[in-house]
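Visitor: If it helps, the file is called input.txt and holds compact mmCIF, N, CA and C atoms and all ligand atoms:
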# COMPACT_ATOMS: atom_id res chain seq x y z
N MET H 1 36.98 -74.89 -6.36
CA MET H 1 38.43 -74.83 -6.53
C MET H 1 39.03 -73.99 -5.41
N SER H 2 40.11 -74.47 -4.89
CA SER H 2 40.85 -73.73 -3.87
C SER H 2 42.15 -73.25 -4.48
N ASP H 3 42.58 -72.10 -4.09
CA ASP H 3 43.84 -71.62 -4.67
C ASP H 3 44.71 -70.94 -3.62
N THR H 4 44.72 -71.54 -2.45
CA THR H 4 45.61 -71.00 -1.44
C THR H 4 47.05 -71.27 -1.84
N ALA H 5 47.93 -70.41 -1.38
CA ALA H 5 49.33 -70.57 -1.77
C ALA H 5 50.24 -70.23 -0.60
N ASN H 6 51.30 -70.92 -0.52
CA ASN H 6 52.32 -70.61 0.47
C ASN H 6 53.65 -70.57 -0.25
N ILE H 7 54.08 -69.38 -0.60
CA ILE H 7 55.28 -69.23 -1.41
C ILE H 7 56.51 -69.72 -0.65
N ASP H 8 56.57 -69.41 0.65
CA ASP H 8 57.78 -69.75 1.41
C ASP H 8 58.04 -71.26 1.44
N ASN H 9 56.99 -72.04 1.54
CA ASN H 9 57.18 -73.48 1.59
C ASN H 9 57.18 -74.12 0.21
N ALA H 10 57.05 -73.28 -0.81
CA ALA H 10 57.11 -73.75 -2.19
C ALA H 10 56.11 -74.84 -2.49
N VAL H 11 54.95 -74.75 -1.89
CA VAL H 11 53.86 -75.65 -2.28
C VAL H 11 52.62 -74.81 -2.49
N THR H 12 51.74 -75.33 -3.28
CA THR H 12 50.49 -74.62 -3.49
C THR H 12 49.38 -75.65 -3.59
N GLU H 13 48.18 -75.20 -3.34
CA GLU H 13 47.05 -76.12 -3.39
C GLU H 13 46.12 -75.64 -4.48
N VAL H 14 45.89 -76.46 -5.45
CA VAL H 14 45.05 -76.06 -6.56
C VAL H 14 44.07 -77.18 -6.90
N ASN H 15 43.04 -76.81 -7.60
CA ASN H 15 42.12 -77.78 -8.19
C ASN H 15 41.62 -78.83 -7.22
N ASP H 16 40.70 -78.44 -6.38
CA ASP H 16 40.01 -79.35 -5.48
C ASP H 16 40.95 -80.07 -4.53
N GLY H 17 41.88 -79.34 -4.00
CA GLY H 17 42.69 -79.89 -2.92
C GLY H 17 43.89 -80.70 -3.34
N VAL H 18 44.19 -80.78 -4.62
CA VAL H 18 45.37 -81.52 -5.06
C VAL H 18 46.58 -80.61 -4.86
N VAL H 19 47.50 -81.06 -4.03
CA VAL H 19 48.69 -80.25 -3.74
C VAL H 19 49.78 -80.57 -4.75
N GLN H 20 50.33 -79.53 -5.32
CA GLN H 20 51.37 -79.73 -6.32
C GLN H 20 52.63 -78.99 -5.92
N GLU H 21 53.75 -79.55 -6.28
CA GLU H 21 55.03 -78.88 -6.07
C GLU H 21 55.17 -77.75 -7.08
N ILE H 22 55.84 -76.70 -6.66
CA ILE H 22 56.13 -75.60 -7.58
C ILE H 22 57.56 -75.75 -8.06
N HIS H 23 57.72 -75.79 -9.38
CA HIS H 23 59.05 -75.93 -9.97
C HIS H 23 59.63 -74.56 -10.26
N SER H 24 60.93 -74.43 -10.06
CA SER H 24 61.61 -73.21 -10.46
C SER H 24 63.04 -73.56 -10.80
N ILE H 25 63.67 -72.70 -11.55
CA ILE H 25 65.06 -72.96 -11.93
C ILE H 25 65.96 -71.96 -11.24
N GLU H 26 67.16 -72.42 -10.89
CA GLU H 26 68.12 -71.55 -10.19
C GLU H 26 68.94 -70.75 -11.19
N ASP H 27 69.27 -71.37 -12.30
CA ASP H 27 70.24 -70.76 -13.21
C ASP H 27 69.82 -71.10 -14.65
N THR H 28 69.53 -70.09 -15.42
CA THR H 28 69.09 -70.35 -16.79
C THR H 28 70.20 -70.95 -17.65
N ASP H 29 71.45 -70.77 -17.25
CA ASP H 29 72.56 -71.31 -18.04
C ASP H 29 72.66 -72.83 -17.94
N THR H 30 72.20 -73.38 -16.80
CA THR H 30 72.30 -74.83 -16.62
C THR H 30 70.94 -75.52 -16.73
N ALA H 31 69.88 -74.74 -16.96
CA ALA H 31 68.54 -75.33 -17.05
C ALA H 31 68.36 -76.08 -18.37
N SER H 32 67.54 -77.12 -18.33
CA SER H 32 67.24 -77.89 -19.54
C SER H 32 66.21 -77.14 -20.39
N ASP H 33 66.10 -77.54 -21.65
CA ASP H 33 65.08 -76.94 -22.51
C ASP H 33 63.68 -77.17 -21.94
N PHE H 34 63.47 -78.34 -21.34
CA PHE H 34 62.18 -78.65 -20.71
C PHE H 34 61.86 -77.64 -19.61
N GLU H 35 62.87 -77.32 -18.80
CA GLU H 35 62.66 -76.35 -17.72
C GLU H 35 62.46 -74.95 -18.28
N LEU H 36 63.28 -74.61 -19.28
CA LEU H 36 63.19 -73.25 -19.84
C LEU H 36 61.83 -73.00 -20.48
N LYS H 37 61.28 -73.99 -21.16
CA LYS H 37 60.02 -73.74 -21.88
C LYS H 37 58.80 -73.63 -20.97
N HIS H 38 58.96 -74.05 -19.71
CA HIS H 38 57.84 -73.94 -18.76
C HIS H 38 57.91 -72.71 -17.87
N THR H 39 59.07 -72.10 -17.79
CA THR H 39 59.27 -71.01 -16.82
C THR H 39 58.70 -69.70 -17.35
N PRO H 40 57.93 -69.00 -16.53
CA PRO H 40 57.40 -67.71 -16.97
C PRO H 40 58.52 -66.72 -17.30
N ASN H 41 58.36 -66.07 -18.42
CA ASN H 41 59.27 -65.00 -18.83
C ASN H 41 58.59 -63.69 -18.41
N VAL H 42 59.27 -62.93 -17.58
CA VAL H 42 58.64 -61.76 -16.97
C VAL H 42 59.42 -60.50 -17.33
N GLU H 43 58.69 -59.50 -17.81
CA GLU H 43 59.26 -58.18 -18.05
C GLU H 43 58.54 -57.20 -17.15
N LEU H 44 59.32 -56.30 -16.57
CA LEU H 44 58.76 -55.31 -15.66
C LEU H 44 58.83 -53.93 -16.29
N GLU H 45 57.75 -53.19 -16.12
CA GLU H 45 57.73 -51.80 -16.56
C GLU H 45 57.28 -50.95 -15.38
N GLU H 46 58.06 -49.94 -15.07
CA GLU H 46 57.72 -49.08 -13.94
C GLU H 46 56.60 -48.12 -14.33
N LEU H 47 55.60 -48.02 -13.47
CA LEU H 47 54.50 -47.09 -13.66
C LEU H 47 54.50 -46.11 -12.50
N ALA H 48 53.84 -45.00 -12.66
CA ALA H 48 53.75 -44.03 -11.57
C ALA H 48 53.08 -44.66 -10.35
N SER H 49 52.09 -45.51 -10.60
CA SER H 49 51.31 -46.08 -9.51
C SER H 49 51.81 -47.46 -9.06
N GLY H 50 52.78 -48.01 -9.75
CA GLY H 50 53.22 -49.35 -9.39
C GLY H 50 54.06 -49.95 -10.51
N GLN H 51 53.74 -51.19 -10.85
CA GLN H 51 54.50 -51.88 -11.88
C GLN H 51 53.57 -52.61 -12.83
N LEU H 52 53.98 -52.65 -14.09
CA LEU H 52 53.29 -53.47 -15.07
C LEU H 52 54.13 -54.73 -15.26
N ILE H 53 53.52 -55.88 -15.04
CA ILE H 53 54.22 -57.16 -15.14
C ILE H 53 53.73 -57.87 -16.39
N LYS H 54 54.61 -58.00 -17.37
CA LYS H 54 54.25 -58.65 -18.64
C LYS H 54 54.81 -60.06 -18.63
N VAL H 55 53.93 -61.04 -18.87
CA VAL H 55 54.32 -62.44 -18.74
C VAL H 55 54.04 -63.20 -20.03
N SER H 56 55.02 -63.97 -20.45
CA SER H 56 54.82 -64.97 -21.49
C SER H 56 55.45 -66.25 -20.95
N ILE H 57 55.30 -67.36 -21.67
CA ILE H 57 55.80 -68.63 -21.15
C ILE H 57 56.97 -69.11 -21.99
N GLY H 58 58.05 -69.41 -21.28
CA GLY H 58 59.24 -69.93 -21.94
C GLY H 58 60.37 -68.91 -21.96
N LEU H 59 61.57 -69.37 -21.60
CA LEU H 59 62.76 -68.52 -21.60
C LEU H 59 63.63 -68.85 -22.80
N LYS H 60 64.46 -67.90 -23.16
CA LYS H 60 65.43 -68.08 -24.25
C LYS H 60 64.76 -68.48 -25.56
N GLY H 61 63.54 -68.01 -25.76
CA GLY H 61 62.86 -68.25 -27.03
C GLY H 61 62.33 -69.65 -27.21
N ILE H 62 62.34 -70.45 -26.15
CA ILE H 62 61.81 -71.82 -26.25
C ILE H 62 60.33 -71.78 -25.88
N ALA H 63 59.49 -71.97 -26.87
CA ALA H 63 58.05 -71.82 -26.67
C ALA H 63 57.43 -73.10 -26.13
N HIS H 64 56.49 -72.94 -25.22
CA HIS H 64 55.71 -74.07 -24.71
C HIS H 64 54.54 -74.31 -25.66
N PRO H 65 54.12 -75.57 -25.84
CA PRO H 65 52.95 -75.84 -26.70
C PRO H 65 51.68 -75.21 -26.14
N GLN H 66 50.72 -74.97 -27.03
CA GLN H 66 49.40 -74.50 -26.58
C GLN H 66 48.38 -75.22 -27.45
N THR H 67 48.11 -76.48 -27.08
CA THR H 67 47.20 -77.33 -27.84
C THR H 67 46.16 -77.93 -26.90
N GLU H 68 45.18 -78.63 -27.44
CA GLU H 68 44.17 -79.29 -26.60
C GLU H 68 44.82 -80.23 -25.60
N GLU H 69 45.88 -80.93 -26.02
CA GLU H 69 46.50 -81.97 -25.19
C GLU H 69 47.51 -81.43 -24.20
N HIS H 70 48.12 -80.31 -24.53
CA HIS H 70 49.26 -79.82 -23.74
C HIS H 70 49.28 -78.29 -23.81
N LEU H 71 49.00 -77.67 -22.66
CA LEU H 71 48.89 -76.21 -22.71
C LEU H 71 49.14 -75.57 -21.35
N THR H 72 49.42 -74.28 -21.41
CA THR H 72 49.43 -73.45 -20.21
C THR H 72 47.99 -73.08 -19.91
N GLU H 73 47.51 -73.43 -18.71
CA GLU H 73 46.11 -73.17 -18.35
C GLU H 73 45.92 -71.85 -17.65
N TRP H 74 46.93 -71.44 -16.87
CA TRP H 74 46.80 -70.13 -16.22
C TRP H 74 48.16 -69.53 -15.89
N ILE H 75 48.13 -68.23 -15.71
CA ILE H 75 49.26 -67.48 -15.16
C ILE H 75 48.70 -66.72 -13.96
N ARG H 76 49.42 -66.77 -12.84
CA ARG H 76 49.01 -66.06 -11.64
C ARG H 76 50.16 -65.22 -11.10
N VAL H 77 49.81 -64.09 -10.53
CA VAL H 77 50.80 -63.22 -9.90
C VAL H 77 50.48 -63.12 -8.41
N PHE H 78 51.50 -63.32 -7.59
CA PHE H 78 51.37 -63.23 -6.14
C PHE H 78 52.26 -62.11 -5.62
N ASP H 79 51.72 -61.34 -4.71
CA ASP H 79 52.49 -60.28 -4.04
C ASP H 79 52.55 -60.65 -2.57
N GLY H 80 53.73 -61.02 -2.11
CA GLY H 80 53.85 -61.45 -0.72
C GLY H 80 53.00 -62.67 -0.40
N GLY H 81 52.81 -63.54 -1.37
CA GLY H 81 52.02 -64.75 -1.17
C GLY H 81 50.54 -64.58 -1.43
N GLU H 82 50.11 -63.36 -1.66
CA GLU H 82 48.68 -63.10 -1.91
C GLU H 82 48.43 -63.01 -3.41
N LEU H 83 47.40 -63.72 -3.86
CA LEU H 83 47.06 -63.70 -5.29
C LEU H 83 46.54 -62.31 -5.67
N VAL H 84 47.23 -61.68 -6.62
CA VAL H 84 46.81 -60.33 -7.04
C VAL H 84 46.45 -60.26 -8.53
N GLY H 85 46.66 -61.35 -9.26
CA GLY H 85 46.29 -61.33 -10.67
C GLY H 85 46.24 -62.73 -11.23
N GLU H 86 45.31 -62.96 -12.17
CA GLU H 86 45.19 -64.29 -12.78
C GLU H 86 44.68 -64.13 -14.21
N ALA H 87 45.24 -64.91 -15.10
CA ALA H 87 44.76 -64.98 -16.48
C ALA H 87 44.60 -66.45 -16.85
N LEU H 88 43.48 -66.79 -17.51
CA LEU H 88 43.18 -68.17 -17.89
C LEU H 88 43.29 -68.32 -19.40
N PHE H 89 43.71 -69.50 -19.84
CA PHE H 89 43.93 -69.72 -21.27
C PHE H 89 43.34 -71.05 -21.73
N GLY H 90 42.87 -71.04 -22.94
CA GLY H 90 42.44 -72.26 -23.61
C GLY H 90 43.41 -72.58 -24.74
N PRO H 91 43.15 -73.68 -25.45
CA PRO H 91 44.09 -74.12 -26.49
C PRO H 91 44.23 -73.14 -27.65
N ASN H 92 43.27 -72.27 -27.83
CA ASN H 92 43.35 -71.31 -28.94
C ASN H 92 43.86 -69.94 -28.50
N ASP H 93 44.27 -69.84 -27.24
CA ASP H 93 44.75 -68.55 -26.72
C ASP H 93 46.28 -68.51 -26.71
N GLU H 94 46.80 -67.33 -26.90
CA GLU H 94 48.24 -67.15 -26.70
C GLU H 94 48.45 -66.89 -25.21
N PRO H 95 49.30 -67.69 -24.55
CA PRO H 95 49.45 -67.54 -23.10
C PRO H 95 50.37 -66.38 -22.71
N VAL H 96 49.87 -65.20 -22.93
CA VAL H 96 50.58 -63.99 -22.51
C VAL H 96 49.58 -63.13 -21.74
N ALA H 97 50.08 -62.39 -20.78
CA ALA H 97 49.20 -61.54 -19.98
C ALA H 97 50.01 -60.42 -19.36
N SER H 98 49.32 -59.32 -19.07
CA SER H 98 49.93 -58.20 -18.36
C SER H 98 49.12 -57.91 -17.11
N PHE H 99 49.83 -57.62 -16.05
CA PHE H 99 49.19 -57.35 -14.76
C PHE H 99 49.74 -56.05 -14.20
N GLU H 100 48.86 -55.20 -13.74
CA GLU H 100 49.29 -53.97 -13.10
C GLU H 100 49.18 -54.17 -11.59
N VAL H 101 50.29 -54.02 -10.90
CA VAL H 101 50.27 -54.21 -9.45
C VAL H 101 50.78 -52.95 -8.77
N LYS H 102 50.28 -52.71 -7.57
CA LYS H 102 50.75 -51.58 -6.79
C LYS H 102 52.17 -51.85 -6.31
N ARG H 103 52.92 -50.78 -6.13
CA ARG H 103 54.28 -50.94 -5.62
C ARG H 103 54.20 -51.55 -4.22
N SER H 104 55.08 -52.49 -3.95
CA SER H 104 55.05 -53.18 -2.67
C SER H 104 56.47 -53.63 -2.32
N ASP H 105 56.71 -53.80 -1.05
CA ASP H 105 58.03 -54.28 -0.61
C ASP H 105 58.08 -55.80 -0.57
N SER H 106 56.95 -56.44 -0.81
CA SER H 106 56.90 -57.89 -0.74
C SER H 106 57.42 -58.50 -2.04
N GLN H 107 57.77 -59.76 -1.95
CA GLN H 107 58.28 -60.44 -3.14
C GLN H 107 57.14 -60.78 -4.10
N ILE H 108 57.36 -60.46 -5.36
CA ILE H 108 56.41 -60.81 -6.40
C ILE H 108 56.81 -62.18 -6.97
N ALA H 109 55.84 -63.04 -7.12
CA ALA H 109 56.08 -64.34 -7.75
C ALA H 109 55.08 -64.51 -8.89
N VAL H 110 55.55 -65.04 -10.00
CA VAL H 110 54.69 -65.32 -11.14
C VAL H 110 54.69 -66.83 -11.36
N GLN H 111 53.50 -67.42 -11.41
CA GLN H 111 53.38 -68.86 -11.61
C GLN H 111 52.58 -69.15 -12.87
N ALA H 112 52.91 -70.28 -13.49
CA ALA H 112 52.16 -70.75 -14.65
C ALA H 112 51.89 -72.24 -14.47
N LEU H 113 50.70 -72.68 -14.86
CA LEU H 113 50.34 -74.10 -14.76
C LEU H 113 50.31 -74.74 -16.15
N CYS H 114 51.16 -75.73 -16.33
CA CYS H 114 51.07 -76.60 -17.52
C CYS H 114 50.19 -77.78 -17.12
N ASN H 115 49.23 -78.14 -17.98
CA ASN H 115 48.29 -79.20 -17.62
C ASN H 115 48.99 -80.55 -17.43
N LEU H 116 50.15 -80.73 -18.05
CA LEU H 116 50.87 -82.00 -17.94
C LEU H 116 52.04 -81.95 -16.97
N HIS H 117 52.64 -80.78 -16.81
CA HIS H 117 53.93 -80.70 -16.11
C HIS H 117 53.92 -79.79 -14.89
N GLY H 118 52.75 -79.39 -14.45
CA GLY H 118 52.64 -78.72 -13.17
C GLY H 118 52.92 -77.23 -13.17
N ILE H 119 53.20 -76.74 -11.97
CA ILE H 119 53.33 -75.30 -11.75
C ILE H 119 54.80 -74.89 -11.82
N TRP H 120 55.04 -73.79 -12.52
CA TRP H 120 56.40 -73.25 -12.69
C TRP H 120 56.41 -71.81 -12.24
N GLU H 121 57.46 -71.44 -11.54
CA GLU H 121 57.47 -70.13 -10.89
C GLU H 121 58.72 -69.33 -11.23
N ALA H 122 58.52 -68.04 -11.38
CA ALA H 122 59.62 -67.08 -11.45
C ALA H 122 59.39 -66.07 -10.34
N ARG H 123 60.44 -65.74 -9.60
CA ARG H 123 60.35 -64.73 -8.55
C ARG H 123 61.08 -63.48 -8.98
N LEU H 124 60.51 -62.34 -8.64
CA LEU H 124 61.13 -61.07 -9.02
C LEU H 124 61.87 -60.48 -7.83
FE FE Z 201 54.27 -78.68 -20.42
Step by step, read the file and then write its structure as structure tokens.
Guide:
Amino acid sequence: MSDTANIDNAVTEVNDGVVQEIHSIEDTDTASDFELKHTPNVELEELASGQLIKVSIGLKGIAHPQTEEHLTEWIRVFDGGELVGEALFGPNDEPVASFEVKRSDSQIAVQALCNLHGIWEARL
């Protein structure tokens, strides 16, 4: 598996070279329920050494399914385009994760992969 990423060009390469588009929403007020339920919900907590990034899937209380047929498979955190954290999920897991990252001036991006609907990103 390859997991190179290029945040600036909004493409990523995952799973044996299959390139997928990264979806993101501009405005939660105009986003559809489909878009809201796929977008990572991110909470930040300041730590002395950096930041704690708490991630769940779905905005505005719209939950994404987590079943054998349709699920969030992973959540990844990128700092300046570099992968700094990853959590994997199966159908019996709750797709939530916390990542501790060092303070950085680079942009943090959080991505989640839905097995049916691709990669969804939130930028901090
Ligand atoms: Fe989905």
Visitor: Hey, which residues sit close to ligand FE 201 (chain Z)? Say within 7 Å, counting all atoms listed in the file, and write them as a list in words.
Guide: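 Residues lying within 7 Å of ligand FE 201 (chain Z): Lys37, His38, His64, Pro65, His70, Leu71, Thr72, Cys114, Asn115, Leu116, His117 and Gly118 of chain H.
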Visitor: Counting only N, CA and C atoms, note down every residue that has an atom within 5 Å of the point (49.8, -65.2, -19.6) (file coordinates), as a short mmCIF file (atom, residue, chain, number, x, y, z; two decimals) with N, CA and C atoms, keeping the file's coordinate frame.
Guide:
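Done, and the output landed in point.cif:
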data_model
loop_
_atom_site.label_atom_id
_atom_site.label_comp_id
_atom_site.auth_asym_id
_atom_site.auth_seq_id
_atom_site.Cartn_x
_atom_site.Cartn_y
_atom_site.Cartn_z
N VAL H 55 53.93 -61.04 -18.87
CA VAL H 55 54.32 -62.44 -18.74
C VAL H 55 54.04 -63.20 -20.03
N PRO H 95 49.30 -67.69 -24.55
CA PRO H 95 49.45 -67.54 -23.10
C PRO H 95 50.37 -66.38 -22.71
N VAL H 96 49.87 -65.20 -22.93
CA VAL H 96 50.58 -63.99 -22.51
C VAL H 96 49.58 -63.13 -21.74
N ALA H 97 50.08 -62.39 -20.78
CA ALA H 97 49.20 -61.54 -19.98
C ALA H 97 50.01 -60.42 -19.36
#
Visitor: I'd like the interatomic distance between CA of Thr39 (chain H) and atom N of Ile119 (chain H), to a tenth of an Å.
Guide: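 Calculated distance between CA of Thr39 (chain H) and atom N of Ile119 (chain H) is 9.7 Å.
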Visitor: Distance atom N of Leu113 (chain H)-atom C of Val84 (chain H), one decimal place?
Guide: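 Interatomic distance here is 14.6 Å.
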Visitor: Can you list, as a PyMOL selection string, all residues belonging to chain H that DSSP tags as helix (DSSP H, G or I)?
Guide: chain H and resi 33-38
Visitor: Using all atoms listed in the file for the distances, tell me which of H:Asp105, H:Phe99, H:Ala112, H:Phe89 is nearest to Leu52 (chain H).
Guide: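 Smallest distance to Leu52 (chain H) is found for H:Phe99.
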Visitor: Select, from H:Ile62, H:Ser49, H:Leu83, H:Val19, the residue with the minimum atom-to-atom distance to Asp33 (chain H), counting only N, CA and C atoms.
Guide: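 For Asp33 (chain H), the nearest of the given residues is H:Ile62.
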Visitor: Just asking: which residues within chain H are strand (DSSP E or B) according to DSSP, as number ranges by chain?
Guide: H: 5-6, 11-14, 18-23, 40-46, 50-57, 72-79, 82-88, 97-102, 108-114, 118-123
Visitor: Which one is closest to Ile75 (chain H): H:Lys102, H:Leu124, H:Phe34, H:Val110? Count only N, CA and C atoms.
Guide: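 Selected residue with least distance to Ile75 (chain H): H:Val110.
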Visitor: Kindly give the distance, in Å, that separates atom N of Thr67 (chain H) and atom C of Leu88 (chain H), rounded to a single decimal.
Guide: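 Calculated distance between atom N of Thr67 (chain H) and atom C of Leu88 (chain H) is 12.2 Å.
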Visitor: If I wrap all listed atoms of region 111-117 of chain H in a box with edges along x, y and z and add 8 Å on each side, what are its centre and edge lengths in Å to one decimal, as JSON?
Guide:
{"center_x": 51.1, "center_y": -74.7, "center_z": -14.7, "size_x": 21.6, "size_y": 30.6, "size_z": 22.6}
